[in-house]
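Just my_file-v5.cif here, mmCIF, C-alpha atoms:
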data_model
#
loop_
_atom_site.group_PDB
_atom_site.id
_atom_site.type_symbol
_atom_site.label_atom_id
_atom_site.label_comp_id
_atom_site.auth_asym_id
_atom_site.auth_seq_id
_atom_site.Cartn_x
_atom_site.Cartn_y
_atom_site.Cartn_z
ATOM 1 C CA MET A 1 -51.046 55.683 2.765
ATOM 2 C CA HIS A 2 -54.228 54.718 4.563
ATOM 3 C CA PRO A 3 -53.342 53.740 8.167
ATOM 4 C CA PHE A 4 -55.657 50.732 8.203
ATOM 5 C CA ARG A 5 -54.121 49.224 5.052
ATOM 6 C CA TYR A 6 -50.584 49.756 6.396
ATOM 7 C CA SER A 7 -51.422 48.131 9.697
ATOM 8 C CA ARG A 8 -52.953 45.055 8.061
ATOM 9 C CA HIS A 9 -49.925 44.549 5.777
ATOM 10 C CA ASP A 10 -47.539 44.988 8.700
ATOM 11 C CA ALA A 11 -49.420 42.455 10.794
ATOM 12 C CA SER A 12 -49.276 39.891 7.980
ATOM 13 C CA ARG A 13 -45.570 40.459 7.645
ATOM 14 C CA ARG A 14 -45.034 39.970 11.379
ATOM 15 C CA ARG A 15 -47.033 36.707 11.299
ATOM 16 C CA LEU A 16 -44.931 35.442 8.383
ATOM 17 C CA LEU A 17 -41.668 36.244 10.160
ATOM 18 C CA ARG A 18 -42.903 34.648 13.372
ATOM 19 C CA GLY A 19 -43.876 31.496 11.455
ATOM 20 C CA LEU A 20 -40.490 31.257 9.788
ATOM 21 C CA THR A 21 -38.742 31.717 13.136
ATOM 22 C CA LEU A 22 -40.773 28.922 14.729
ATOM 23 C CA ALA A 23 -40.187 26.640 11.742
ATOM 24 C CA CYS A 24 -36.432 27.165 11.915
ATOM 25 C CA ALA A 25 -36.472 26.597 15.650
ATOM 26 C CA GLY A 26 -38.426 23.397 15.094
ATOM 27 C CA ILE A 27 -35.888 22.146 12.584
ATOM 28 C CA GLY A 28 -33.070 22.956 14.992
ATOM 29 C CA LEU A 29 -34.763 21.116 17.852
ATOM 30 C CA ALA A 30 -35.524 18.145 15.635
ATOM 31 C CA SER A 31 -31.881 17.943 14.556
ATOM 32 C CA PHE A 32 -30.767 18.157 18.171
ATOM 33 C CA ALA A 33 -33.232 15.499 19.254
ATOM 34 C CA MET A 34 -32.441 13.053 16.448
ATOM 35 C CA PRO A 35 -28.833 11.821 16.669
ATOM 36 C CA GLY A 36 -29.741 9.261 13.992
ATOM 37 C CA LEU A 37 -29.454 11.909 11.275
ATOM 38 C CA ALA A 38 -26.488 9.890 9.993
ATOM 39 C CA ASN A 39 -23.522 12.031 10.999
ATOM 40 C CA GLU A 40 -21.103 9.097 10.880
ATOM 41 C CA PRO A 41 -20.124 7.346 7.612
ATOM 42 C CA TRP A 42 -21.289 3.936 8.869
ATOM 43 C CA GLN A 43 -24.736 5.388 9.615
ATOM 44 C CA ARG A 44 -25.114 6.365 5.962
ATOM 45 C CA LEU A 45 -23.978 3.043 4.474
ATOM 46 C CA GLU A 46 -26.547 0.258 4.239
ATOM 47 C CA ALA A 47 -23.905 -2.481 4.096
ATOM 48 C CA ALA A 48 -22.378 -1.248 7.373
ATOM 49 C CA GLN A 49 -25.801 -0.918 9.003
ATOM 50 C CA SER A 50 -26.537 -4.543 8.123
ATOM 51 C CA VAL A 51 -23.602 -5.504 10.372
ATOM 52 C CA LEU A 52 -24.445 -3.087 13.191
ATOM 53 C CA GLY A 53 -28.185 -3.721 13.289
ATOM 54 C CA GLU A 54 -29.770 -1.702 16.076
ATOM 55 C CA SER A 55 -26.577 -1.430 18.122
ATOM 56 C CA GLU A 56 -24.735 1.852 18.647
ATOM 57 C CA PRO A 57 -20.994 1.158 18.231
ATOM 58 C CA ARG A 58 -18.327 2.591 20.484
ATOM 59 C CA THR A 59 -15.827 4.810 18.691
ATOM 60 C CA GLU A 60 -12.724 4.328 20.817
ATOM 61 C CA GLY A 61 -10.138 1.567 20.549
ATOM 62 C CA LEU A 62 -10.485 0.719 16.846
ATOM 63 C CA THR A 63 -8.085 2.388 14.383
ATOM 64 C CA LEU A 64 -7.506 2.418 10.628
ATOM 65 C CA ASP A 65 -4.086 3.197 9.200
ATOM 66 C CA LEU A 66 -4.158 4.336 5.554
ATOM 67 C CA PRO A 67 -2.336 7.066 3.646
ATOM 68 C CA HIS A 68 -4.142 10.401 3.549
ATOM 69 C CA VAL A 69 -3.427 10.614 -0.185
ATOM 70 C CA SER A 70 -2.761 7.738 -2.589
ATOM 71 C CA GLU A 71 -1.620 8.190 -6.186
ATOM 72 C CA ASP A 72 -2.398 4.540 -6.952
ATOM 73 C CA GLY A 73 -5.959 3.622 -6.043
ATOM 74 C CA SER A 74 -5.421 0.004 -7.106
ATOM 75 C CA ALA A 75 -3.170 -0.924 -4.163
ATOM 76 C CA VAL A 76 -3.727 1.228 -1.086
ATOM 77 C CA PRO A 77 -2.064 -0.212 2.055
ATOM 78 C CA LEU A 78 -4.457 -0.629 4.972
ATOM 79 C CA THR A 79 -4.061 -1.799 8.570
ATOM 80 C CA VAL A 80 -6.918 -2.194 11.019
ATOM 81 C CA ASN A 81 -6.104 -2.583 14.704
ATOM 82 C CA PHE A 82 -8.012 -2.815 17.971
ATOM 83 C CA ASP A 83 -6.310 -1.877 21.241
ATOM 84 C CA GLY A 84 -9.362 -0.892 23.273
ATOM 85 C CA GLU A 85 -10.773 -2.378 26.455
ATOM 86 C CA LEU A 86 -12.907 -5.515 26.552
ATOM 87 C CA ALA A 87 -14.480 -7.505 29.362
ATOM 88 C CA GLU A 88 -12.394 -10.291 30.862
ATOM 89 C CA GLY A 89 -12.411 -13.294 28.569
ATOM 90 C CA ASP A 90 -13.801 -11.336 25.624
ATOM 91 C CA TYR A 91 -11.942 -10.888 22.331
ATOM 92 C CA ILE A 92 -12.529 -9.402 18.880
ATOM 93 C CA GLU A 93 -14.237 -12.079 16.810
ATOM 94 C CA ARG A 94 -14.997 -10.237 13.569
ATOM 95 C CA ILE A 95 -13.795 -7.185 11.639
ATOM 96 C CA ASP A 96 -15.654 -5.795 8.619
ATOM 97 C CA LEU A 97 -14.167 -3.299 6.164
ATOM 98 C CA PHE A 98 -16.130 -1.056 3.787
ATOM 99 C CA ALA A 99 -15.304 1.638 1.208
ATOM 100 C CA ASN A 100 -18.319 3.903 0.788
ATOM 101 C CA GLY A 101 -17.245 5.360 -2.580
ATOM 102 C CA ASN A 102 -16.654 2.037 -4.362
ATOM 103 C CA PRO A 103 -19.256 0.540 -6.736
ATOM 104 C CA TYR A 104 -19.474 -2.350 -4.260
ATOM 105 C CA PRO A 105 -18.736 -1.073 -0.726
ATOM 106 C CA GLU A 106 -17.805 -4.406 0.880
ATOM 107 C CA VAL A 107 -14.033 -4.863 1.141
ATOM 108 C CA ALA A 108 -13.418 -7.816 3.469
ATOM 109 C CA THR A 109 -14.676 -9.626 6.545
ATOM 110 C CA PHE A 110 -12.167 -11.218 8.914
ATOM 111 C CA ARG A 111 -13.185 -13.858 11.465
ATOM 112 C CA LEU A 112 -10.857 -14.432 14.400
ATOM 113 C CA THR A 113 -10.672 -17.044 17.131
ATOM 114 C CA GLN A 114 -8.776 -17.297 20.391
ATOM 115 C CA LEU A 115 -5.876 -18.752 18.374
ATOM 116 C CA SER A 116 -5.760 -15.631 16.176
ATOM 117 C CA ALA A 117 -7.033 -13.144 18.710
ATOM 118 C CA LYS A 118 -4.516 -10.322 18.264
ATOM 119 C CA PRO A 119 -6.808 -8.016 16.246
ATOM 120 C CA GLU A 120 -4.317 -6.430 13.869
ATOM 121 C CA ILE A 121 -4.697 -7.131 10.145
ATOM 122 C CA SER A 122 -3.079 -5.582 7.081
ATOM 123 C CA THR A 123 -3.950 -5.853 3.401
ATOM 124 C CA ARG A 124 -4.024 -3.774 0.197
ATOM 125 C CA VAL A 125 -7.272 -2.440 -1.245
ATOM 126 C CA ARG A 126 -8.720 -0.851 -4.384
ATOM 127 C CA LEU A 127 -10.393 2.545 -3.925
ATOM 128 C CA ASN A 128 -12.436 4.035 -6.747
ATOM 129 C CA GLU A 129 -12.334 7.683 -5.636
ATOM 130 C CA THR A 130 -11.729 9.918 -2.650
ATOM 131 C CA GLN A 131 -13.905 8.433 0.076
ATOM 132 C CA GLN A 132 -14.282 7.123 3.602
ATOM 133 C CA VAL A 133 -12.978 3.681 4.524
ATOM 134 C CA ILE A 134 -14.959 2.189 7.414
ATOM 135 C CA ALA A 135 -14.081 -0.543 9.920
ATOM 136 C CA ILE A 136 -16.497 -2.283 12.294
ATOM 137 C CA ALA A 137 -15.245 -4.712 14.950
ATOM 138 C CA THR A 138 -17.481 -7.133 16.832
ATOM 139 C CA SER A 139 -16.376 -8.921 19.999
ATOM 140 C CA HIS A 140 -17.252 -12.463 21.038
ATOM 141 C CA GLN A 141 -19.652 -11.064 23.634
ATOM 142 C CA GLY A 142 -21.332 -8.718 21.160
ATOM 143 C CA GLU A 143 -19.572 -5.388 21.802
ATOM 144 C CA ARG A 144 -19.276 -3.322 18.609
ATOM 145 C CA PHE A 145 -16.763 -0.663 17.633
ATOM 146 C CA ALA A 146 -16.581 1.545 14.531
ATOM 147 C CA THR A 147 -14.160 3.996 12.964
ATOM 148 C CA SER A 148 -13.515 5.606 9.575
ATOM 149 C CA ARG A 149 -10.732 7.303 7.662
ATOM 150 C CA GLU A 150 -10.849 9.508 4.570
ATOM 151 C CA VAL A 151 -8.433 8.705 1.752
ATOM 152 C CA ARG A 152 -7.879 11.001 -1.231
ATOM 153 C CA ILE A 153 -7.384 9.062 -4.461
ATOM 154 C CA THR A 154 -5.575 10.483 -7.491
ATOM 155 C CA VAL A 155 -6.245 7.627 -9.958
ATOM 156 C CA SER A 156 -9.211 5.268 -9.583
ATOM 157 C CA GLY A 157 -8.227 1.755 -8.572
ATOM 158 C CA CYS A 158 -11.317 -0.130 -9.790
ATOM 159 C CA LEU A 159 -10.675 0.380 -13.518
ATOM 160 C CA MET A 160 -6.881 0.202 -13.661
ATOM 161 C CA ARG A 161 -5.169 -2.598 -15.571
ATOM 162 C CA ASN A 162 -3.804 -5.300 -13.317
ATOM 163 C CA GLY A 163 -0.054 -5.633 -13.213
ATOM 164 C CA ASN A 164 -0.131 -9.441 -13.342
ATOM 165 C CA ASP A 165 -2.487 -10.153 -16.245
ATOM 166 C CA ALA A 166 -0.145 -12.852 -17.577
ATOM 167 C CA ASN A 167 0.161 -14.715 -14.260
ATOM 168 C CA ASP A 168 -1.888 -17.804 -13.524
ATOM 169 C CA ALA A 169 -4.587 -17.370 -10.907
ATOM 170 C CA LEU A 170 -3.941 -19.005 -7.518
ATOM 171 C CA SER A 171 -0.297 -19.600 -8.336
ATOM 172 C CA ASN A 172 2.815 -19.265 -6.207
ATOM 173 C CA PRO A 173 1.278 -19.097 -2.687
ATOM 174 C CA ARG A 174 3.744 -17.667 -0.186
ATOM 175 C CA VAL A 175 3.563 -17.814 3.619
ATOM 176 C CA SER A 176 6.002 -16.327 6.112
ATOM 177 C CA VAL A 177 5.682 -17.027 9.848
ATOM 178 C CA SER A 178 7.847 -15.146 12.334
ATOM 179 C CA SER A 179 10.560 -17.235 13.984
ATOM 180 C CA GLY A 180 10.984 -17.968 17.677
ATOM 181 C CA LEU A 181 7.360 -18.951 18.354
ATOM 182 C CA SER A 182 6.309 -19.228 22.007
ATOM 183 C CA ALA A 183 3.133 -20.756 23.408
ATOM 184 C CA GLY A 184 0.452 -18.146 23.935
ATOM 185 C CA GLU A 185 2.430 -15.374 22.209
ATOM 186 C CA PRO A 186 1.104 -13.825 18.956
ATOM 187 C CA ALA A 187 3.207 -14.675 15.913
ATOM 188 C CA GLU A 188 3.091 -12.497 12.808
ATOM 189 C CA VAL A 189 2.029 -14.243 9.592
ATOM 190 C CA ARG A 190 2.304 -12.790 6.083
ATOM 191 C CA THR A 191 0.661 -14.385 3.055
ATOM 192 C CA LEU A 192 0.619 -13.569 -0.665
ATOM 193 C CA ILE A 193 -0.736 -15.336 -3.746
ATOM 194 C CA ASN A 194 -0.862 -14.509 -7.455
ATOM 195 C CA HIS A 195 -4.394 -13.687 -8.598
ATOM 196 C CA PRO A 196 -5.785 -10.912 -10.853
ATOM 197 C CA MET A 197 -8.725 -10.089 -8.524
ATOM 198 C CA GLU A 198 -10.625 -8.923 -11.617
ATOM 199 C CA THR A 199 -13.408 -6.609 -10.443
ATOM 200 C CA GLY A 200 -15.900 -7.223 -13.252
ATOM 201 C CA LEU A 201 -15.799 -3.480 -14.009
ATOM 202 C CA ARG A 202 -12.766 -3.196 -16.276
ATOM 203 C CA GLU A 203 -12.738 -3.402 -20.064
ATOM 204 C CA GLY A 204 -10.324 -5.635 -21.928
ATOM 205 C CA ASP A 205 -8.387 -4.734 -25.067
ATOM 206 C CA ASP A 206 -11.443 -5.637 -27.174
ATOM 207 C CA GLY A 207 -13.653 -3.163 -25.300
ATOM 208 C CA GLU A 208 -15.688 -5.913 -23.638
ATOM 209 C CA THR A 209 -16.083 -5.964 -19.851
ATOM 210 C CA LEU A 210 -13.848 -8.600 -18.303
ATOM 211 C CA PRO A 211 -15.724 -11.081 -16.089
ATOM 212 C CA ARG A 212 -15.403 -10.907 -12.317
ATOM 213 C CA HIS A 213 -12.670 -13.247 -11.067
ATOM 214 C CA ILE A 214 -11.597 -12.898 -7.437
ATOM 215 C CA VAL A 215 -10.352 -14.850 -4.439
ATOM 216 C CA GLU A 216 -13.454 -15.121 -2.272
ATOM 217 C CA ARG A 217 -12.183 -17.023 0.760
ATOM 218 C CA PHE A 218 -8.956 -17.442 2.676
ATOM 219 C CA SER A 219 -8.631 -19.629 5.761
ATOM 220 C CA VAL A 220 -6.041 -20.989 8.172
ATOM 221 C CA SER A 221 -6.506 -24.311 9.951
ATOM 222 C CA ILE A 222 -4.413 -25.690 12.796
ATOM 223 C CA ASP A 223 -4.656 -29.447 13.181
ATOM 224 C CA GLY A 224 -7.895 -29.359 11.187
ATOM 225 C CA ASP A 225 -9.634 -26.551 13.127
ATOM 226 C CA VAL A 226 -10.215 -23.226 11.347
ATOM 227 C CA VAL A 227 -8.589 -20.443 13.411
ATOM 228 C CA PHE A 228 -8.674 -17.510 10.956
ATOM 229 C CA GLU A 229 -10.912 -16.744 7.973
ATOM 230 C CA ALA A 230 -11.264 -13.905 5.480
ATOM 231 C CA ASP A 231 -14.106 -13.239 3.032
ATOM 232 C CA LEU A 232 -12.675 -11.065 0.262
ATOM 233 C CA HIS A 233 -14.464 -8.847 -2.276
ATOM 234 C CA GLN A 234 -13.596 -6.939 -5.461
ATOM 235 C CA ALA A 235 -12.013 -4.138 -3.432
ATOM 236 C CA VAL A 236 -9.043 -6.299 -2.415
ATOM 237 C CA SER A 237 -6.043 -5.645 -4.658
ATOM 238 C CA ALA A 238 -4.560 -8.012 -7.198
ATOM 239 C CA ASN A 239 -2.222 -10.606 -5.678
ATOM 240 C CA PRO A 240 -4.052 -10.601 -2.315
ATOM 241 C CA TYR A 241 -1.755 -9.826 0.587
ATOM 242 C CA LEU A 242 -2.699 -10.466 4.209
ATOM 243 C CA ARG A 243 -0.786 -9.884 7.417
ATOM 244 C CA PHE A 244 -2.279 -11.167 10.678
ATOM 245 C CA PHE A 245 -1.341 -13.028 13.859
ATOM 246 C CA LEU A 246 -1.639 -16.591 15.125
ATOM 247 C CA THR A 247 -1.292 -17.630 18.765
ATOM 248 C CA PRO A 248 -0.781 -21.405 18.820
ATOM 249 C CA ALA A 249 -0.815 -23.143 22.186
ATOM 250 C CA GLU A 250 1.578 -25.874 21.051
ATOM 251 C CA SER A 251 3.591 -26.985 18.057
ATOM 252 C CA ALA A 252 1.260 -27.862 15.210
ATOM 253 C CA GLU A 253 0.744 -27.962 11.473
ATOM 254 C CA ALA A 254 -1.045 -25.001 9.866
ATOM 255 C CA GLU A 255 -2.778 -25.243 6.495
ATOM 256 C CA PHE A 256 -3.421 -22.091 4.458
ATOM 257 C CA THR A 257 -6.169 -22.253 1.816
ATOM 258 C CA TRP A 258 -7.266 -19.785 -0.875
ATOM 259 C CA GLN A 259 -10.464 -20.321 -2.913
ATOM 260 C CA ASP A 260 -11.608 -18.204 -5.853
ATOM 261 C CA ASP A 261 -15.050 -17.724 -7.378
ATOM 262 C CA THR A 262 -14.513 -20.551 -9.879
ATOM 263 C CA GLY A 263 -14.158 -23.054 -7.040
ATOM 264 C CA GLU A 264 -10.426 -23.517 -7.603
ATOM 265 C CA THR A 265 -8.221 -23.718 -4.495
ATOM 266 C CA ALA A 266 -4.572 -23.404 -3.534
ATOM 267 C CA HIS A 267 -2.947 -24.746 -0.370
ATOM 268 C CA HIS A 268 0.204 -24.223 1.619
ATOM 269 C CA VAL A 269 1.299 -26.105 4.745
ATOM 270 C CA ALA A 270 3.638 -24.687 7.392
ATOM 271 C CA GLU A 271 4.964 -26.136 10.612
ATOM 272 C CA LEU A 272 4.475 -24.009 13.732
ATOM 273 C CA ASP A 273 7.383 -25.068 15.918
ATOM 274 C CA LEU A 274 7.178 -23.579 19.404
ATOM 275 C CA SER A 275 10.325 -23.108 21.421
#

Could you rewrite the structure in this file as structure tokens?
Amino acid sequence: MHPFRYSRHDASRRRLLRGLTLACAGIGLASFAMPGLANEPWQRLEAAQSVLGESEPRTEGLTLDLPHVSEDGSAVPLTVNFDGELAEGDYIERIDLFANGNPYPEVATFRLTQLSAKPEISTRVRLNETQQVIAIATSHQGERFATSREVRITVSGCLMRNGNDANDALSNPRVSVSSGLSAGEPAEVRTLINHPMETGLREGDDGETLPRHIVERFSVSIDGDVVFEADLHQAVSANPYLRFFLTPAESAEAEFTWQDDTGETAHHVAELDLS
């Protein structure tokens, strides 16, 4: 082979390799320099980003408790809890839940006050497929916290037939408040109401899609002041169940209200008798 032709080909090859090396190095440096490449589930979900805005949430203190594997995606038990550190006088004011593999990722938003300020809430949710469940907590002073948990789903929960199709919506509201209430001490409250929580995704026996029909709002008022609220979405299971805490300062009357997307409401009144 002619030495000049060999040398020119070899030089071109070396330039190509050098260019590829620099390009790869550039990509590596760019990845290192850009933490916003969406490594966390909440960074990749628009609905979660709409809550976070420009803030970078802390990742300690907020926990999600769900089963690693669920054979029934229509009623997956979930508990969200915050036991992290906050500034003196601050408290968790809002908790948002998302499911990034559901057709509609919003699950629920809980709004707390100083009379419901123990941030531990349980419910049951529908999960469409194996996915990440995300929680974002916001404090009264604007601190934000985020966490996520993967759940493996065997059978999709968004299309399953509801177990209470024959029950009337917003019927049989039930409220249980722990006994032995003391001023300033959190008291566990459990609520349940009959409702199909129809997602608007499931077909009826005639093959037609059943219309969306869900409980949209739940609230608790003490002596007329709202102390706990929940905005619920299609991802909350049929017969919505909620477990949370109230911290009344004195004996009072609490009113529990459910409202669905037709405007219908149900009410339950309970006496909070402090010892």

- the PyMOL selection byres ((chain A and resi 244-254) around 8) resolved against shown file, as JSON, numbers by chain: {"A": [114, 115, 116, 117, 118, 119, 120, 121, 122, 183, 184, 185, 186, 187, 188, 189, 190, 220, 221, 222, 223, 242, 243, 255, 256, 269, 270, 271, 272, 273, 274]}

- How many Å separate CA of Leu62 (chain A) from CA of Phe98 (chain A)? 14.3 Å

Find the spatial neighbours of Pro211 (chain A), counting only C-alpha atoms, within a cut-off of 8 Å - ignore same-chain residues fewer than 5 positions away - and output them as a PDB file with C-alpha atoms, in the coordinates of the input.
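This is the output file part-v4.pdb:
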ATOM      1  CA  GLU A 198     -10.625  -8.923 -11.617  1.00  0.00           C
ATOM      2  CA  THR A 199     -13.408  -6.609 -10.443  1.00  0.00           C
ATOM      3  CA  GLY A 200     -15.900  -7.223 -13.252  1.00  0.00           C
ATOM      4  CA  LEU A 201     -15.799  -3.480 -14.009  1.00  0.00           C
TER       5      LEU A 201
END

- Query: Any idea what the distance is between CA of Asp96 (chain A) and CA of Leu210 (chain A)?
  - Reply: 27.1 Å

- Task: Using only C-alpha atoms, pick whichever of A:Thr147, A:Thr209, A:Asn128, A:Thr265 has the shortest atom-to-atom distance to Ser171 (chain A).
- Result: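 Using only C-alpha atoms, the shortest distance to Ser171 (chain A) belongs to A:Thr265.
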
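Residues matched by the PyMOL selection byres ((chain A and resi 103) around 12) in this file: Phe98, Ala99, Asn100, Gly101, Asn102, Tyr104, Pro105, Glu106, Val107, Arg126, Leu127, Asn128, Glu129, Gln131, Ser156, Gly157, Cys158, Leu159, Thr199, Gly200, Leu201, His233, Gln234 and Ala235 of chain A.
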
- Rank A:Val155, A:Ala75, A:Val133, A:Leu181 by their smallest atom-to-atom distance to Trp42 (chain A), using all atoms listed in the file, and report the top residue only. A:Val133
